[in-house]
>>> print(open('model-v8.cif').read())   # mmCIF, C-alpha atoms
data_work
#
loop_
_atom_site.group_PDB
_atom_site.id
_atom_site.type_symbol
_atom_site.label_atom_id
_atom_site.label_comp_id
_atom_site.auth_asym_id
_atom_site.auth_seq_id
_atom_site.Cartn_x
_atom_site.Cartn_y
_atom_site.Cartn_z
ATOM 1 C CA MET A 1 0.000 0.000 0.000
ATOM 2 C CA ALA A 2 2.778 2.463 0.896
ATOM 3 C CA GLU A 3 4.579 1.754 -2.370
ATOM 4 C CA ALA A 4 1.552 2.866 -4.383
ATOM 5 C CA VAL A 5 1.567 6.238 -2.626
ATOM 6 C CA TYR A 6 5.314 6.827 -2.952
ATOM 7 C CA THR A 7 5.867 5.935 -6.593
ATOM 8 C CA PRO A 8 8.279 8.095 -8.560
ATOM 9 C CA THR A 9 6.603 11.193 -9.944
ATOM 10 C CA THR A 10 9.296 12.200 -12.384
ATOM 11 C CA THR A 11 10.418 10.465 -15.510
ATOM 12 C CA PRO A 12 13.961 10.465 -16.789
ATOM 13 C CA ASN A 13 14.701 13.144 -19.366
ATOM 14 C CA PRO A 14 16.941 11.649 -22.046
ATOM 15 C CA GLY A 15 17.385 15.096 -23.613
ATOM 16 C CA LYS A 16 19.599 16.155 -20.701
ATOM 17 C CA SER A 17 22.242 13.545 -21.437
ATOM 18 C CA PHE A 18 25.773 14.782 -22.163
ATOM 19 C CA CYS A 19 26.439 12.173 -24.851
ATOM 20 C CA LEU A 20 24.075 12.103 -27.827
ATOM 21 C CA ILE A 21 24.905 8.661 -29.199
ATOM 22 C CA PRO A 22 23.131 7.513 -31.327
ATOM 23 C CA SER A 23 22.119 10.658 -33.206
ATOM 24 C CA ASP A 24 21.518 11.828 -36.758
ATOM 25 C CA LEU A 25 25.175 12.793 -37.033
ATOM 26 C CA LEU A 26 26.831 9.782 -35.422
ATOM 27 C CA ASP A 27 25.411 6.327 -34.794
ATOM 28 C CA ARG A 28 26.833 3.850 -32.289
ATOM 29 C CA ASN A 29 28.999 1.926 -34.798
ATOM 30 C CA ARG A 30 30.547 5.072 -36.246
ATOM 31 C CA PHE A 31 31.096 6.427 -32.724
ATOM 32 C CA ILE A 32 33.086 3.310 -31.859
ATOM 33 C CA LEU A 33 34.960 3.580 -35.148
ATOM 34 C CA LYS A 34 35.829 7.231 -34.437
ATOM 35 C CA VAL A 35 37.170 6.196 -31.014
ATOM 36 C CA VAL A 36 39.293 3.526 -32.755
ATOM 37 C CA GLU A 37 40.561 6.155 -35.229
ATOM 38 C CA VAL A 38 41.564 8.444 -32.359
ATOM 39 C CA ALA A 39 43.327 5.611 -30.514
ATOM 40 C CA LEU A 40 45.202 4.263 -33.554
ATOM 41 C CA SER A 41 46.347 7.684 -34.747
ATOM 42 C CA PHE A 42 47.466 8.525 -31.201
ATOM 43 C CA ILE A 43 49.444 5.296 -30.917
ATOM 44 C CA ALA A 44 51.029 5.918 -34.337
ATOM 45 C CA PHE A 45 51.982 9.445 -33.247
ATOM 46 C CA VAL A 46 53.437 8.317 -29.906
ATOM 47 C CA LEU A 47 55.409 5.497 -31.527
ATOM 48 C CA GLU A 48 56.756 7.896 -34.130
ATOM 49 C CA GLU A 49 57.910 10.175 -31.318
ATOM 50 C CA THR A 50 60.037 7.326 -29.916
ATOM 51 C CA VAL A 51 62.106 7.173 -33.122
ATOM 52 C CA ASP A 52 65.380 8.762 -32.088
ATOM 53 C CA SER A 53 67.325 8.676 -35.361
ATOM 54 C CA CYS A 54 66.479 8.916 -39.030
ATOM 55 C CA PHE A 55 68.376 8.758 -42.314
ATOM 56 C CA THR A 56 66.248 11.406 -43.976
ATOM 57 C CA CYS A 57 63.903 13.014 -41.524
ATOM 58 C CA SER A 58 61.368 14.543 -43.934
ATOM 59 C CA PRO A 59 59.196 11.365 -44.130
ATOM 60 C CA LEU A 60 59.330 11.079 -40.338
ATOM 61 C CA TYR A 61 58.233 14.698 -39.894
ATOM 62 C CA PHE A 62 55.461 14.351 -42.466
ATOM 63 C CA PHE A 63 54.158 11.220 -40.726
ATOM 64 C CA GLU A 64 54.410 13.010 -37.377
ATOM 65 C CA PHE A 65 52.399 15.968 -38.649
ATOM 66 C CA VAL A 66 49.675 13.843 -40.260
ATOM 67 C CA SER A 67 49.294 11.390 -37.363
ATOM 68 C CA CYS A 68 49.166 14.231 -34.816
ATOM 69 C CA THR A 69 46.638 16.129 -36.953
ATOM 70 C CA ALA A 70 44.547 12.974 -37.353
ATOM 71 C CA PHE A 71 44.566 12.401 -33.600
ATOM 72 C CA LEU A 72 43.747 15.958 -32.517
ATOM 73 C CA PHE A 73 41.153 16.855 -35.127
ATOM 74 C CA THR A 74 39.394 13.485 -35.010
ATOM 75 C CA LEU A 75 39.172 13.810 -31.236
ATOM 76 C CA LEU A 76 37.715 17.292 -31.685
ATOM 77 C CA LEU A 77 35.230 16.041 -34.299
ATOM 78 C CA LEU A 78 34.278 13.108 -32.065
ATOM 79 C CA VAL A 79 33.573 15.413 -29.122
ATOM 80 C CA LEU A 80 31.595 17.832 -31.293
ATOM 81 C CA LEU A 81 29.447 15.193 -32.980
ATOM 82 C CA SER A 82 28.759 13.143 -29.860
ATOM 83 C CA THR A 83 27.699 16.078 -27.681
ATOM 84 C CA LYS A 84 25.549 19.171 -28.089
ATOM 85 C CA LEU A 85 28.614 21.324 -28.764
ATOM 86 C CA HIS A 86 28.081 21.059 -32.522
ATOM 87 C CA GLU A 87 24.894 23.122 -32.103
ATOM 88 C CA LYS A 88 26.926 26.057 -30.749
ATOM 89 C CA ILE A 89 29.104 26.299 -33.882
ATOM 90 C CA HIS A 90 26.218 26.927 -36.312
ATOM 91 C CA ILE A 91 27.397 24.649 -39.099
ATOM 92 C CA GLU A 92 24.457 22.966 -40.783
ATOM 93 C CA ALA A 93 26.470 20.667 -43.054
ATOM 94 C CA TRP A 94 28.076 18.415 -40.416
ATOM 95 C CA PRO A 95 27.771 15.248 -42.544
ATOM 96 C CA THR A 96 29.649 16.997 -45.361
ATOM 97 C CA VAL A 97 32.330 18.280 -42.968
ATOM 98 C CA ASP A 98 32.703 14.818 -41.444
ATOM 99 C CA LEU A 99 32.945 13.063 -44.819
ATOM 100 C CA ILE A 100 35.433 15.490 -46.357
ATOM 101 C CA TYR A 101 37.616 15.626 -43.234
ATOM 102 C CA THR A 102 37.652 11.835 -42.800
ATOM 103 C CA GLY A 103 38.417 11.274 -46.491
ATOM 104 C CA VAL A 104 41.250 13.814 -46.562
ATOM 105 C CA ILE A 105 42.819 12.396 -43.400
ATOM 106 C CA ALA A 106 42.518 8.850 -44.778
ATOM 107 C CA VAL A 107 44.373 9.833 -47.944
ATOM 108 C CA LEU A 108 47.029 11.848 -46.080
ATOM 109 C CA LEU A 109 47.601 9.048 -43.569
ATOM 110 C CA PHE A 110 47.965 6.552 -46.404
ATOM 111 C CA ILE A 111 50.481 8.754 -48.242
ATOM 112 C CA SER A 112 52.477 9.565 -45.106
ATOM 113 C CA SER A 113 52.513 5.913 -44.015
ATOM 114 C CA CYS A 114 53.734 4.820 -47.459
ATOM 115 C CA VAL A 115 56.442 7.485 -47.544
ATOM 116 C CA PHE A 116 57.564 6.709 -43.997
ATOM 117 C CA ALA A 117 57.507 2.957 -44.686
ATOM 118 C CA ALA A 118 59.758 3.439 -47.720
ATOM 119 C CA ASP A 119 62.366 5.383 -45.732
ATOM 120 C CA ARG A 120 62.052 4.233 -42.114
ATOM 121 C CA GLY A 121 65.356 2.410 -41.751
ATOM 122 C CA PRO A 122 65.872 -0.664 -39.585
ATOM 123 C CA LEU A 123 64.343 0.798 -36.407
ATOM 124 C CA VAL A 124 61.649 -1.321 -34.771
ATOM 125 C CA GLN A 125 59.798 1.735 -33.420
ATOM 126 C CA ALA A 126 59.511 3.148 -36.932
ATOM 127 C CA THR A 127 58.182 -0.150 -38.291
ATOM 128 C CA VAL A 128 55.558 -0.413 -35.551
ATOM 129 C CA ALA A 129 54.600 3.260 -36.052
ATOM 130 C CA VAL A 130 54.066 2.558 -39.760
ATOM 131 C CA VAL A 131 51.908 -0.472 -38.935
ATOM 132 C CA PHE A 132 49.694 1.656 -36.690
ATOM 133 C CA GLY A 133 49.636 4.346 -39.367
ATOM 134 C CA PHE A 134 48.253 1.821 -41.850
ATOM 135 C CA LEU A 135 45.769 0.502 -39.259
ATOM 136 C CA ALA A 136 44.544 4.050 -38.640
ATOM 137 C CA THR A 137 44.333 4.574 -42.407
ATOM 138 C CA GLY A 138 42.150 1.487 -42.707
ATOM 139 C CA ALA A 139 39.857 2.724 -39.936
ATOM 140 C CA PHE A 140 39.444 6.097 -41.665
ATOM 141 C CA PHE A 141 38.675 4.446 -45.025
ATOM 142 C CA ILE A 142 36.136 2.126 -43.363
ATOM 143 C CA ASP A 143 34.519 5.184 -41.773
ATOM 144 C CA VAL A 144 34.247 6.899 -45.172
ATOM 145 C CA GLY A 145 32.728 3.727 -46.609
ATOM 146 C CA LEU A 146 30.168 3.484 -43.809
ATOM 147 C CA MET A 147 29.202 7.128 -44.257
ATOM 148 C CA VAL A 148 28.710 6.763 -47.996
ATOM 149 C CA LYS A 149 26.867 3.451 -47.610
ATOM 150 C CA SER A 150 24.458 4.705 -44.964
ATOM 151 C CA LYS A 151 23.728 8.253 -46.152
ATOM 152 C CA GLY A 152 25.302 8.626 -49.576
ATOM 153 C CA LEU A 153 27.367 11.638 -50.499
ATOM 154 C CA PRO A 154 25.806 14.530 -48.542
ATOM 155 C CA PHE A 155 26.914 17.213 -50.980
ATOM 156 C CA LEU A 156 25.324 15.357 -53.937
ATOM 157 C CA ASN A 157 21.916 14.757 -52.319
ATOM 158 C CA LYS A 158 20.022 17.633 -53.914
ATOM 159 C CA ASP A 159 16.638 16.271 -52.853
ATOM 160 C CA LYS A 160 17.536 16.665 -49.172
ATOM 161 C CA LYS A 161 18.638 20.289 -49.479
ATOM 162 C CA GLN A 162 16.085 22.860 -48.449
ATOM 163 C CA GLU A 163 15.907 26.187 -50.158
ATOM 164 C CA HIS A 164 15.536 29.298 -48.050
ATOM 165 C CA THR A 165 12.486 31.019 -49.541
ATOM 166 C CA ASN A 166 11.356 33.272 -46.676
ATOM 167 C CA GLY A 167 7.952 31.594 -46.565
ATOM 168 C CA ILE A 168 7.245 31.887 -50.293
ATOM 169 C CA PRO A 169 6.620 28.431 -51.775
ATOM 170 C CA THR A 170 8.948 27.401 -54.574
ATOM 171 C CA PRO A 171 7.463 26.058 -57.840
ATOM 172 C CA ALA A 172 8.304 22.500 -56.743
ATOM 173 C CA GLU A 173 6.500 23.042 -53.428
ATOM 174 C CA GLU A 174 3.474 24.513 -55.194
ATOM 175 C CA GLU A 175 3.328 21.440 -57.450
ATOM 176 C CA ARG A 176 3.459 19.090 -54.440
ATOM 177 C CA LEU A 177 0.738 21.095 -52.686
ATOM 178 C CA LYS A 178 -1.507 20.886 -55.762
ATOM 179 C CA ASP A 179 -0.893 17.118 -56.000
ATOM 180 C CA ASN A 180 -1.795 16.675 -52.315
ATOM 181 C CA GLU A 181 -5.013 18.687 -52.713
ATOM 182 C CA THR A 182 -6.228 16.547 -55.607
ATOM 183 C CA VAL A 183 -5.658 13.289 -53.741
#
>>> encode(input="model-v8.cif", output="structure tokens")
Amino acid sequence: MAEAVYTPTTTPNPGKSFCLIPSDLLDRNRFILKVVEVALSFIAFVLEETVDSCFTCSPLYFFEFVSCTAFLFTLLLLVLLSTKLHEKIHIEAWPTVDLIYTGVIAVLLFISSCVFAADRGPLVQATVAVVFGFLATGAFFIDVGLMVKSKGLPFLNKDKKQEHTNGIPTPAEEERLKDNETV
């Protein structure tokens, strides 16, 4: 009897959660993949930092720059897309930003890993750094593939774009309204 009187009167509010996974911008699988990208690019960067000698250092520095950039900016993108912070930046084309960024980093990581692999010398740390560079590259390419497979190319989907017409219906909208009235 007492339990019926003292039942909870509030319901949980899922809108107050800090993490927005899954969301329109990032589903659970891509969230996990982004975490893997961050981890692999960080490991590649740290391992590259342990290389203490190089024959020609330009490939090493290029790999260092790309792996560090991949780590930092992917972490930033992950935080933005998995929280409400992306709403504060006022960018409406987050899927396009995500796809272009992930594709560019995938290509740059592949190039830098190939260049570093070709001129890494006999050092074990360099070899392991290259392996993690290629693993991170694979994760980024898988992410691009998942994005394209699930939502297509966001900048080519003209049917999803909305025109700003200030309340005046466009000819296409007028046609749809007429079709709906006749049905």
>>> closest_residue(input="model-v8.cif", among="A:Thr127, A:Thr83, A:Ser150, A:Thr74", to="A:Val35", atoms="only C-alpha atoms")
A:Thr74
>>> closest_residue(input="model-v8.cif", among="A:Leu80, A:Val66, A:Val130, A:Leu60", to="A:Asp98", atoms="only C-alpha atoms")
A:Leu80
>>> residues_around(input="model-v8.cif", residues="A:Asn29", least_positions_apart="3", cutoff="12 Å", atoms="all atoms listed in the file", output="list in words")
Ile21, Pro22, Ser23, Leu25, Leu26, Ile32, Leu33, Lys34, Val35, Val36, Ile142, Asp143, Leu146, Met147 and Ser150 of chain A
>>> atom_distance(input="model-v8.cif", atom1="atom CA of A:Phe63", atom2="atom CA of A:Ser112")
5.0 Å
>>> atom_distance(input="model-v8.cif", atom1="atom CA of A:Val115", atom2="atom CA of A:Pro59")
5.9 Å
>>> atom_distance(input="model-v8.cif", atom1="atom CA of A:Ala129", atom2="atom CA of A:Leu109")
11.8 Å
>>> closest_residue(input="model-v8.cif", among="A:Ala70, A:Cys57, A:Thr96, A:Lys88", to="A:Arg120", atoms="all atoms listed in the file")
A:Cys57
>>> resolve_selection(input="model-v8.cif", expression="the PyMOL selection byres ((chain A and resi 50) around 12)", output="list in words")
Ile43, Ala44, Phe45, Val46, Leu47, Glu48, Glu49, Val51, Asp52, Ser53, Cys54, Leu60, Glu64, Leu123, Val124, Gln125, Ala126, Thr127, Val128 and Ala129 of chain A
>>> resolve_selection(input="model-v8.cif", expression="the PyMOL selection byres ((chain A and resi 106) around 12)", output="PyMOL selection string")
chain A and resi 37+41+66-67+69-71+74+98-105+107-113+133-145
